[in-house]
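The next block is final36.pdb, given as PDB, C-alpha atoms, pLDDT in the B column.
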```
MODEL        1
ATOM      1  CA  MET K   1      92.804  92.707  80.953  1.00 48.00           C
ATOM      2  CA  GLU K   2      91.018  90.387  83.344  1.00 53.00           C
ATOM      3  CA  GLU K   3      88.163  91.939  85.353  1.00 56.00           C
ATOM      4  CA  ILE K   4      89.123  92.604  88.978  1.00 55.00           C
ATOM      5  CA  ILE K   5      86.526  91.482  91.506  1.00 50.00           C
ATOM      6  CA  LEU K   6      86.706  92.974  94.991  1.00 47.00           C
ATOM      7  CA  ASN K   7      84.482  92.404  97.997  1.00 46.00           C
ATOM      8  CA  ASP K   8      81.345  94.551  98.082  1.00 51.00           C
ATOM      9  CA  HIS K   9      81.651  97.797  99.979  1.00 48.00           C
ATOM     10  CA  ASN K  10      78.515  98.962 101.756  1.00 53.00           C
ATOM     11  CA  LYS K  11      79.518 102.516 102.611  1.00 62.00           C
ATOM     12  CA  GLN K  12      80.099 105.686 100.639  1.00 73.00           C
ATOM     13  CA  GLU K  13      82.805 107.637 102.452  1.00 79.00           C
ATOM     14  CA  TYR K  14      83.415 111.358 102.212  1.00 94.00           C
ATOM     15  CA  PRO K  15      86.670 111.146 100.210  1.00 96.00           C
ATOM     16  CA  PRO K  16      88.597 114.020 101.894  1.00 97.00           C
ATOM     17  CA  MET K  17      87.894 112.698 105.403  1.00 97.00           C
ATOM     18  CA  HIS K  18      88.568 109.085 104.441  1.00 96.00           C
ATOM     19  CA  THR K  19      91.885 110.008 102.817  1.00 98.00           C
ATOM     20  CA  CYS K  20      92.799 112.049 105.884  1.00 98.00           C
ATOM     21  CA  GLU K  21      92.184 108.920 107.983  1.00 97.00           C
ATOM     22  CA  HIS K  22      94.967 107.183 106.046  1.00 98.00           C
ATOM     23  CA  ILE K  23      97.357 110.051 106.759  1.00 98.00           C
ATOM     24  CA  VAL K  24      96.455 110.129 110.468  1.00 98.00           C
ATOM     25  CA  ASN K  25      97.054 106.384 110.731  1.00 98.00           C
ATOM     26  CA  GLY K  26     100.435 106.647 109.017  1.00 98.00           C
ATOM     27  CA  THR K  27     101.423 109.548 111.241  1.00 98.00           C
ATOM     28  CA  MET K  28     100.367 107.760 114.429  1.00 98.00           C
ATOM     29  CA  VAL K  29     102.474 104.741 113.454  1.00 98.00           C
ATOM     30  CA  ARG K  30     105.484 107.005 112.842  1.00 98.00           C
ATOM     31  CA  LEU K  31     105.134 109.190 115.945  1.00 98.00           C
ATOM     32  CA  PHE K  32     103.991 106.628 118.513  1.00 98.00           C
ATOM     33  CA  GLY K  33     105.186 103.292 117.122  1.00 97.00           C
ATOM     34  CA  CYS K  34     101.645 101.931 117.470  1.00 97.00           C
ATOM     35  CA  LYS K  35      99.532  99.976 115.030  1.00 96.00           C
ATOM     36  CA  ARG K  36      96.874 101.563 112.857  1.00 96.00           C
ATOM     37  CA  ALA K  37      93.566 102.486 114.500  1.00 97.00           C
ATOM     38  CA  ILE K  38      91.746  99.678 116.298  1.00 96.00           C
ATOM     39  CA  SER K  39      88.389 101.259 115.452  1.00 95.00           C
ATOM     40  CA  SER K  40      87.126 104.185 113.436  1.00 95.00           C
ATOM     41  CA  HIS K  41      84.017 106.130 112.590  1.00 95.00           C
ATOM     42  CA  ILE K  42      84.601 108.377 109.591  1.00 95.00           C
ATOM     43  CA  GLU K  43      81.924 110.906 108.601  1.00 94.00           C
ATOM     44  CA  ARG K  44      81.742 114.151 106.635  1.00 94.00           C
ATOM     45  CA  LYS K  45      81.409 116.586 109.571  1.00 94.00           C
ATOM     46  CA  LYS K  46      83.504 114.842 112.226  1.00 94.00           C
ATOM     47  CA  SER K  47      85.270 111.557 112.706  1.00 97.00           C
ATOM     48  CA  LYS K  48      86.913 109.474 115.407  1.00 98.00           C
ATOM     49  CA  LEU K  49      89.808 107.054 115.588  1.00 98.00           C
ATOM     50  CA  ASP K  50      90.820 104.835 118.500  1.00 98.00           C
ATOM     51  CA  PHE K  51      94.431 103.758 118.990  1.00 98.00           C
ATOM     52  CA  ALA K  52      95.890 101.227 121.428  1.00 98.00           C
ATOM     53  CA  LEU K  53      98.582 103.133 123.339  1.00 98.00           C
ATOM     54  CA  GLU K  54     100.359 102.446 126.615  1.00 97.00           C
ATOM     55  CA  VAL K  55     100.150 106.070 127.735  1.00 97.00           C
ATOM     56  CA  ALA K  56      98.116 109.078 126.680  1.00 97.00           C
ATOM     57  CA  PRO K  57      99.845 111.476 124.291  1.00 98.00           C
ATOM     58  CA  THR K  58     100.929 114.760 125.839  1.00 98.00           C
ATOM     59  CA  ASP K  59      99.507 118.075 124.647  1.00 98.00           C
ATOM     60  CA  GLU K  60     102.805 118.658 122.827  1.00 98.00           C
ATOM     61  CA  GLU K  61     102.580 115.275 121.069  1.00 98.00           C
ATOM     62  CA  ILE K  62      98.977 115.970 120.051  1.00 98.00           C
ATOM     63  CA  ALA K  63     100.001 119.347 118.610  1.00 98.00           C
ATOM     64  CA  LEU K  64     102.860 117.624 116.751  1.00 98.00           C
ATOM     65  CA  LEU K  65     100.452 115.011 115.356  1.00 98.00           C
ATOM     66  CA  GLU K  66      98.172 117.746 114.046  1.00 98.00           C
ATOM     67  CA  GLN K  67     101.147 119.614 112.558  1.00 98.00           C
ATOM     68  CA  LYS K  68     102.591 116.528 110.844  1.00 98.00           C
ATOM     69  CA  VAL K  69      99.240 115.474 109.353  1.00 98.00           C
ATOM     70  CA  ASN K  70      98.751 118.989 107.951  1.00 98.00           C
ATOM     71  CA  GLU K  71     102.289 118.978 106.529  1.00 98.00           C
ATOM     72  CA  VAL K  72     101.497 115.779 104.634  1.00 98.00           C
ATOM     73  CA  ILE K  73      98.186 117.212 103.407  1.00 98.00           C
ATOM     74  CA  SER K  74      99.923 120.364 102.145  1.00 98.00           C
ATOM     75  CA  SER K  75     102.568 118.272 100.341  1.00 98.00           C
ATOM     76  CA  HIS K  76     100.177 117.701  97.414  1.00 98.00           C
ATOM     77  CA  LEU K  77     100.780 113.948  97.348  1.00 98.00           C
ATOM     78  CA  PRO K  78      98.966 111.822  94.756  1.00 98.00           C
ATOM     79  CA  ILE K  79      96.597 109.082  95.893  1.00 98.00           C
ATOM     80  CA  THR K  80      97.095 105.924  93.837  1.00 98.00           C
ATOM     81  CA  THR K  81      95.814 102.376  93.904  1.00 97.00           C
ATOM     82  CA  ALA K  82      97.259  99.012  93.014  1.00 96.00           C
ATOM     83  CA  TYR K  83      95.493  95.673  92.734  1.00 95.00           C
ATOM     84  CA  LEU K  84      97.482  92.793  94.166  1.00 94.00           C
ATOM     85  CA  SER K  85      96.833  89.196  95.062  1.00 92.00           C
ATOM     86  CA  LEU K  86      96.090  88.414  98.678  1.00 90.00           C
ATOM     87  CA  LYS K  87      99.245  86.265  98.703  1.00 91.00           C
ATOM     88  CA  GLU K  88     101.349  89.288  97.643  1.00 91.00           C
ATOM     89  CA  VAL K  89     100.164  91.434 100.558  1.00 92.00           C
ATOM     90  CA  GLU K  90     100.038  88.923 103.429  1.00 88.00           C
ATOM     91  CA  THR K  91     103.519  89.796 104.652  1.00 88.00           C
ATOM     92  CA  ARG K  92     103.181  93.575 104.118  1.00 90.00           C
ATOM     93  CA  PHE K  93      99.837  94.254 105.793  1.00 91.00           C
ATOM     94  CA  ASP K  94      97.761  93.069 108.726  1.00 86.00           C
ATOM     95  CA  VAL K  95      95.210  90.907 106.948  1.00 88.00           C
ATOM     96  CA  ASN K  96      93.520  89.794 110.172  1.00 85.00           C
ATOM     97  CA  ARG K  97      90.854  92.487 109.850  1.00 81.00           C
ATOM     98  CA  LEU K  98      89.856  91.477 106.346  1.00 84.00           C
ATOM     99  CA  PRO K  99      86.484  89.735 105.997  1.00 83.00           C
ATOM    100  CA  GLU K 100      86.440  85.952 106.093  1.00 83.00           C
ATOM    101  CA  ASN K 101      85.337  85.802 102.458  1.00 83.00           C
ATOM    102  CA  VAL K 102      87.949  88.283 101.208  1.00 84.00           C
ATOM    103  CA  SER K 103      88.484  88.289  97.453  1.00 85.00           C
ATOM    104  CA  GLU K 104      91.691  86.872  95.976  1.00 86.00           C
ATOM    105  CA  VAL K 105      92.567  90.352  94.723  1.00 90.00           C
ATOM    106  CA  VAL K 106      92.830  93.281  97.140  1.00 92.00           C
ATOM    107  CA  ARG K 107      93.290  96.990  96.602  1.00 93.00           C
ATOM    108  CA  VAL K 108      96.256  98.851  98.083  1.00 96.00           C
ATOM    109  CA  VAL K 109      95.787 102.599  98.434  1.00 97.00           C
ATOM    110  CA  ARG K 110      98.906 104.767  98.577  1.00 98.00           C
ATOM    111  CA  VAL K 111      99.226 108.347  99.751  1.00 98.00           C
ATOM    112  CA  GLY K 112     102.337 109.328  97.815  1.00 98.00           C
ATOM    113  CA  ASP K 113     105.247 107.547  99.442  1.00 97.00           C
ATOM    114  CA  TYR K 114     103.901 108.390 102.910  1.00 98.00           C
ATOM    115  CA  ASP K 115     101.325 105.679 103.595  1.00 98.00           C
ATOM    116  CA  GLU K 116      99.825 102.583 102.075  1.00 96.00           C
ATOM    117  CA  CYS K 117      97.145 100.202 103.279  1.00 95.00           C
ATOM    118  CA  LEU K 118      94.476  97.799 102.140  1.00 94.00           C
ATOM    119  CA  CYS K 119      91.262  99.708 101.409  1.00 92.00           C
ATOM    120  CA  VAL K 120      88.114  99.505  99.299  1.00 88.00           C
ATOM    121  CA  GLY K 121      86.920 103.038 100.149  1.00 91.00           C
ATOM    122  CA  THR K 122      86.790 106.252  98.143  1.00 93.00           C
ATOM    123  CA  HIS K 123      89.559 108.850  98.220  1.00 96.00           C
ATOM    124  CA  VAL K 124      90.565 112.191  96.771  1.00 98.00           C
ATOM    125  CA  SER K 125      93.121 112.122  93.974  1.00 98.00           C
ATOM    126  CA  ASN K 126      95.588 114.468  95.716  1.00 98.00           C
ATOM    127  CA  THR K 127      96.109 115.448  99.362  1.00 98.00           C
ATOM    128  CA  SER K 128      95.643 119.114  98.418  1.00 96.00           C
ATOM    129  CA  GLU K 129      91.893 118.345  98.160  1.00 98.00           C
ATOM    130  CA  ILE K 130      91.569 117.467 101.871  1.00 98.00           C
ATOM    131  CA  GLY K 131      91.565 120.771 103.766  1.00 97.00           C
ATOM    132  CA  THR K 132      93.031 121.362 107.225  1.00 98.00           C
ATOM    133  CA  PHE K 133      93.030 118.622 109.869  1.00 98.00           C
ATOM    134  CA  LYS K 134      91.934 119.692 113.345  1.00 98.00           C
ATOM    135  CA  ILE K 135      91.716 117.496 116.467  1.00 98.00           C
ATOM    136  CA  THR K 136      88.591 118.595 118.328  1.00 98.00           C
ATOM    137  CA  THR K 137      88.637 116.357 121.424  1.00 98.00           C
ATOM    138  CA  HIS K 138      90.570 113.404 122.784  1.00 98.00           C
ATOM    139  CA  SER K 139      90.446 111.048 125.729  1.00 98.00           C
ATOM    140  CA  PHE K 140      92.413 108.135 127.133  1.00 98.00           C
ATOM    141  CA  GLU K 141      90.929 105.163 128.976  1.00 98.00           C
ATOM    142  CA  ASN K 142      92.066 101.572 129.493  1.00 97.00           C
ATOM    143  CA  GLY K 143      94.918 101.820 126.991  1.00 98.00           C
ATOM    144  CA  VAL K 144      92.793 103.376 124.241  1.00 98.00           C
ATOM    145  CA  TRP K 145      93.372 106.904 123.026  1.00 98.00           C
ATOM    146  CA  ARG K 146      90.278 108.249 121.257  1.00 98.00           C
ATOM    147  CA  MET K 147      90.677 111.207 118.961  1.00 98.00           C
ATOM    148  CA  ARG K 148      87.841 113.139 117.355  1.00 98.00           C
ATOM    149  CA  PHE K 149      88.685 115.364 114.427  1.00 98.00           C
ATOM    150  CA  LYS K 150      87.273 117.414 111.608  1.00 98.00           C
ATOM    151  CA  LEU K 151      88.426 119.104 108.431  1.00 98.00           C
ATOM    152  CA  VAL K 152      88.235 122.879 108.151  1.00 96.00           C
TER     153      VAL K 152
ENDMDL
END
```
Starting from the coordinates I provided, produce the structure as C-alpha cells.
Amino acid sequence: MEEIILNDHNKQEYPPMHTCEHIVNGTMVRLFGCKRAISSHIERKKSKLDFALEVAPTDEEIALLEQKVNEVISSHLPITTAYLSLKEVETRFDVNRLPENVSEVVRVVRVGDYDECLCVGTHVSNTSEIGTFKITTHSFENGVWRMRFKLV
C-alpha cells in the first residue's frame, strides 16, 4: 500500500473533547440548519464553539441540543477514518478552510452514521468513551452564538 502523506498537525487534542466537537457540530447543523462552527477552541477542561446564527437559540433549544448530543454519545457509535483524494471530497465538504498547501489526500472522520468531516485530529474509538456533554455558558452577539462546554 502506498504511504499516505497528510499535512502536519501541530496540536495534540484531548480525544474525548475533540470527538464531542464533531457531534456538537453535526447536531447544530441538524437542529439549526447552520454551517459547522466558524471558530473553535477545544481543550481538556472546557471548550468553546462559535456558530453563525440569525437569532439566539432559546433555552428550550439549548436544552434540546444538550440532550441530542448526549443521546449520540450514549449510542456507542464507532469513530472511523477514511483517506480520500481532495478531488473526491470537494463536493461533499467545505474545503475553503483547508490550508493553502493541503495534501492531495485528506482524512475523513466519521462518527458512526451521524457525522463526518475532514479532520487530522485525534479521536476516541467509540462515543461511549466521551462522557457527558454539558453547556456551561452561552452568549449571542452580532449573529454569533458562542457556546462554552465541558465533559463531566
- Task: Identify which of the residues K:Lys35, K:Arg146, K:His41, K:His138 lies closest to Glu21 in chain K, counting only C-alpha atoms when measuring atom-to-atom distances.
- Result: K:His41
- Point out the residue among K:Phe51, K:Phe140, K:Tyr14, K:Tyr83 with the least atom-to-atom distance to Gly33 in chain K, counting all atoms listed in the file.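 Smallest separation from Gly33 in chain K among the options: K:Phe51.
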- Message: For a test of reading the model, state the distance in Å between CA of Ala37 in chain K and CA of Val89 in chain K, rounded to one decimal.
- Response: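 Result for CA of Ala37 in chain K versus CA of Val89 in chain K: 19.0 Å, one decimal.
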- Task: Would you mind listing what lies within 12 Å of Thr58 in chain K as a VMD selection string, with all atoms listed in the file counted and same-chain residues fewer than 4 positions away left out?
- Result: chain K and resid 32 62 to 65 138 to 140 145
- Contacts of Glu90 in chain K at 12 Å or less, counting all atoms listed in the file, minus same-chain residues fewer than 3 places along, as a list in words? Leu84, Ser85, Leu86, Lys87, Phe93, Asp94, Val95, Asn96, Arg97, Leu98, Glu104, Val105, Val106, Val108, Cys117 and Leu118 of chain K
- Query: Pick from K:Cys34, K:Met17, K:Val109, K:Val29: nearest to Thr81 in chain K, with only C-alpha atoms counted?
  - Reply: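 Result for the nearest residue to Thr81 in chain K: K:Val109.
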Write out N, CA, C and O atoms for range 45-69 of chain K, as a PDB file, in the frame of the given file.
```
ATOM      1  N   LYS K  45      81.246 115.447 108.657  1.00 94.00           N
ATOM      2  CA  LYS K  45      81.409 116.586 109.571  1.00 94.00           C
ATOM      3  C   LYS K  45      82.457 116.356 110.647  1.00 94.00           C
ATOM      4  O   LYS K  45      83.183 117.268 111.013  1.00 94.00           O
ATOM      5  N   LYS K  46      82.500 115.156 111.205  1.00 94.00           N
ATOM      6  CA  LYS K  46      83.504 114.842 112.226  1.00 94.00           C
ATOM      7  C   LYS K  46      83.733 113.339 112.234  1.00 94.00           C
ATOM      8  O   LYS K  46      82.885 112.564 111.815  1.00 94.00           O
ATOM      9  N   SER K  47      84.892 112.966 112.716  1.00 97.00           N
ATOM     10  CA  SER K  47      85.270 111.557 112.706  1.00 97.00           C
ATOM     11  C   SER K  47      85.994 111.218 113.996  1.00 97.00           C
ATOM     12  O   SER K  47      86.397 112.095 114.752  1.00 97.00           O
ATOM     13  N   LYS K  48      86.156 109.906 114.235  1.00 98.00           N
ATOM     14  CA  LYS K  48      86.913 109.474 115.407  1.00 98.00           C
ATOM     15  C   LYS K  48      87.765 108.280 115.046  1.00 98.00           C
ATOM     16  O   LYS K  48      87.407 107.475 114.186  1.00 98.00           O
ATOM     17  N   LEU K  49      88.912 108.198 115.711  1.00 98.00           N
ATOM     18  CA  LEU K  49      89.808 107.054 115.588  1.00 98.00           C
ATOM     19  C   LEU K  49      90.249 106.661 116.982  1.00 98.00           C
ATOM     20  O   LEU K  49      90.501 107.519 117.825  1.00 98.00           O
ATOM     21  N   ASP K  50      90.339 105.362 117.227  1.00 98.00           N
ATOM     22  CA  ASP K  50      90.820 104.835 118.500  1.00 98.00           C
ATOM     23  C   ASP K  50      92.137 104.104 118.252  1.00 98.00           C
ATOM     24  O   ASP K  50      92.225 103.281 117.330  1.00 98.00           O
ATOM     25  N   PHE K  51      93.123 104.390 119.106  1.00 98.00           N
ATOM     26  CA  PHE K  51      94.431 103.758 118.990  1.00 98.00           C
ATOM     27  C   PHE K  51      94.802 103.088 120.308  1.00 98.00           C
ATOM     28  O   PHE K  51      94.566 103.652 121.375  1.00 98.00           O
ATOM     29  N   ALA K  52      95.386 101.916 120.238  1.00 98.00           N
ATOM     30  CA  ALA K  52      95.890 101.227 121.428  1.00 98.00           C
ATOM     31  C   ALA K  52      97.258 101.821 121.754  1.00 98.00           C
ATOM     32  O   ALA K  52      98.206 101.688 120.975  1.00 98.00           O
ATOM     33  N   LEU K  53      97.334 102.510 122.888  1.00 98.00           N
ATOM     34  CA  LEU K  53      98.582 103.133 123.339  1.00 98.00           C
ATOM     35  C   LEU K  53      98.798 102.792 124.803  1.00 98.00           C
ATOM     36  O   LEU K  53      97.839 102.622 125.556  1.00 98.00           O
ATOM     37  N   GLU K  54     100.056 102.740 125.209  1.00 97.00           N
ATOM     38  CA  GLU K  54     100.359 102.446 126.615  1.00 97.00           C
ATOM     39  C   GLU K  54     100.117 103.652 127.510  1.00 97.00           C
ATOM     40  O   GLU K  54      99.738 103.505 128.664  1.00 97.00           O
ATOM     41  N   VAL K  55     100.381 104.835 126.979  1.00 97.00           N
ATOM     42  CA  VAL K  55     100.150 106.070 127.735  1.00 97.00           C
ATOM     43  C   VAL K  55      99.476 107.087 126.822  1.00 97.00           C
ATOM     44  O   VAL K  55      99.607 107.026 125.593  1.00 97.00           O
ATOM     45  N   ALA K  56      98.776 108.026 127.449  1.00 97.00           N
ATOM     46  CA  ALA K  56      98.116 109.078 126.680  1.00 97.00           C
ATOM     47  C   ALA K  56      99.153 110.024 126.079  1.00 97.00           C
ATOM     48  O   ALA K  56     100.146 110.353 126.731  1.00 97.00           O
ATOM     49  N   PRO K  57      98.939 110.478 124.862  1.00 98.00           N
ATOM     50  CA  PRO K  57      99.845 111.476 124.291  1.00 98.00           C
ATOM     51  C   PRO K  57      99.773 112.782 125.090  1.00 98.00           C
ATOM     52  O   PRO K  57      98.710 113.146 125.605  1.00 98.00           O
ATOM     53  N   THR K  58     100.893 113.458 125.170  1.00 98.00           N
ATOM     54  CA  THR K  58     100.929 114.760 125.839  1.00 98.00           C
ATOM     55  C   THR K  58     100.311 115.810 124.923  1.00 98.00           C
ATOM     56  O   THR K  58     100.128 115.583 123.706  1.00 98.00           O
ATOM     57  N   ASP K  59     100.030 116.980 125.468  1.00 98.00           N
ATOM     58  CA  ASP K  59      99.507 118.075 124.647  1.00 98.00           C
ATOM     59  C   ASP K  59     100.500 118.426 123.532  1.00 98.00           C
ATOM     60  O   ASP K  59     100.087 118.717 122.405  1.00 98.00           O
ATOM     61  N   GLU K  60     101.777 118.362 123.834  1.00 98.00           N
ATOM     62  CA  GLU K  60     102.805 118.658 122.827  1.00 98.00           C
ATOM     63  C   GLU K  60     102.793 117.609 121.713  1.00 98.00           C
ATOM     64  O   GLU K  60     102.942 117.937 120.537  1.00 98.00           O
ATOM     65  N   GLU K  61     102.638 116.347 122.076  1.00 98.00           N
ATOM     66  CA  GLU K  61     102.580 115.275 121.069  1.00 98.00           C
ATOM     67  C   GLU K  61     101.326 115.399 120.206  1.00 98.00           C
ATOM     68  O   GLU K  61     101.368 115.141 118.997  1.00 98.00           O
ATOM     69  N   ILE K  62     100.221 115.792 120.807  1.00 98.00           N
ATOM     70  CA  ILE K  62      98.977 115.970 120.051  1.00 98.00           C
ATOM     71  C   ILE K  62      99.129 117.126 119.063  1.00 98.00           C
ATOM     72  O   ILE K  62      98.718 117.021 117.902  1.00 98.00           O
ATOM     73  N   ALA K  63      99.749 118.213 119.507  1.00 98.00           N
ATOM     74  CA  ALA K  63     100.001 119.347 118.610  1.00 98.00           C
ATOM     75  C   ALA K  63     100.931 118.930 117.470  1.00 98.00           C
ATOM     76  O   ALA K  63     100.730 119.331 116.313  1.00 98.00           O
ATOM     77  N   LEU K  64     101.939 118.110 117.777  1.00 98.00           N
ATOM     78  CA  LEU K  64     102.860 117.624 116.751  1.00 98.00           C
ATOM     79  C   LEU K  64     102.129 116.727 115.755  1.00 98.00           C
ATOM     80  O   LEU K  64     102.362 116.818 114.545  1.00 98.00           O
ATOM     81  N   LEU K  65     101.255 115.869 116.238  1.00 98.00           N
ATOM     82  CA  LEU K  65     100.452 115.011 115.356  1.00 98.00           C
ATOM     83  C   LEU K  65      99.653 115.865 114.379  1.00 98.00           C
ATOM     84  O   LEU K  65      99.675 115.623 113.169  1.00 98.00           O
ATOM     85  N   GLU K  66      98.974 116.864 114.894  1.00 98.00           N
ATOM     86  CA  GLU K  66      98.172 117.746 114.046  1.00 98.00           C
ATOM     87  C   GLU K  66      99.062 118.442 113.012  1.00 98.00           C
ATOM     88  O   GLU K  66      98.724 118.499 111.829  1.00 98.00           O
ATOM     89  N   GLN K  67     100.212 118.935 113.453  1.00 98.00           N
ATOM     90  CA  GLN K  67     101.147 119.614 112.558  1.00 98.00           C
ATOM     91  C   GLN K  67     101.631 118.682 111.457  1.00 98.00           C
ATOM     92  O   GLN K  67     101.643 119.043 110.277  1.00 98.00           O
ATOM     93  N   LYS K  68     102.052 117.478 111.823  1.00 98.00           N
ATOM     94  CA  LYS K  68     102.591 116.528 110.844  1.00 98.00           C
ATOM     95  C   LYS K  68     101.535 116.121 109.817  1.00 98.00           C
ATOM     96  O   LYS K  68     101.822 116.028 108.624  1.00 98.00           O
ATOM     97  N   VAL K  69     100.312 115.848 110.285  1.00 98.00           N
ATOM     98  CA  VAL K  69      99.240 115.474 109.353  1.00 98.00           C
ATOM     99  C   VAL K  69      99.006 116.611 108.365  1.00 98.00           C
ATOM    100  O   VAL K  69      98.894 116.383 107.153  1.00 98.00           O
TER     101      VAL K  69
END
```
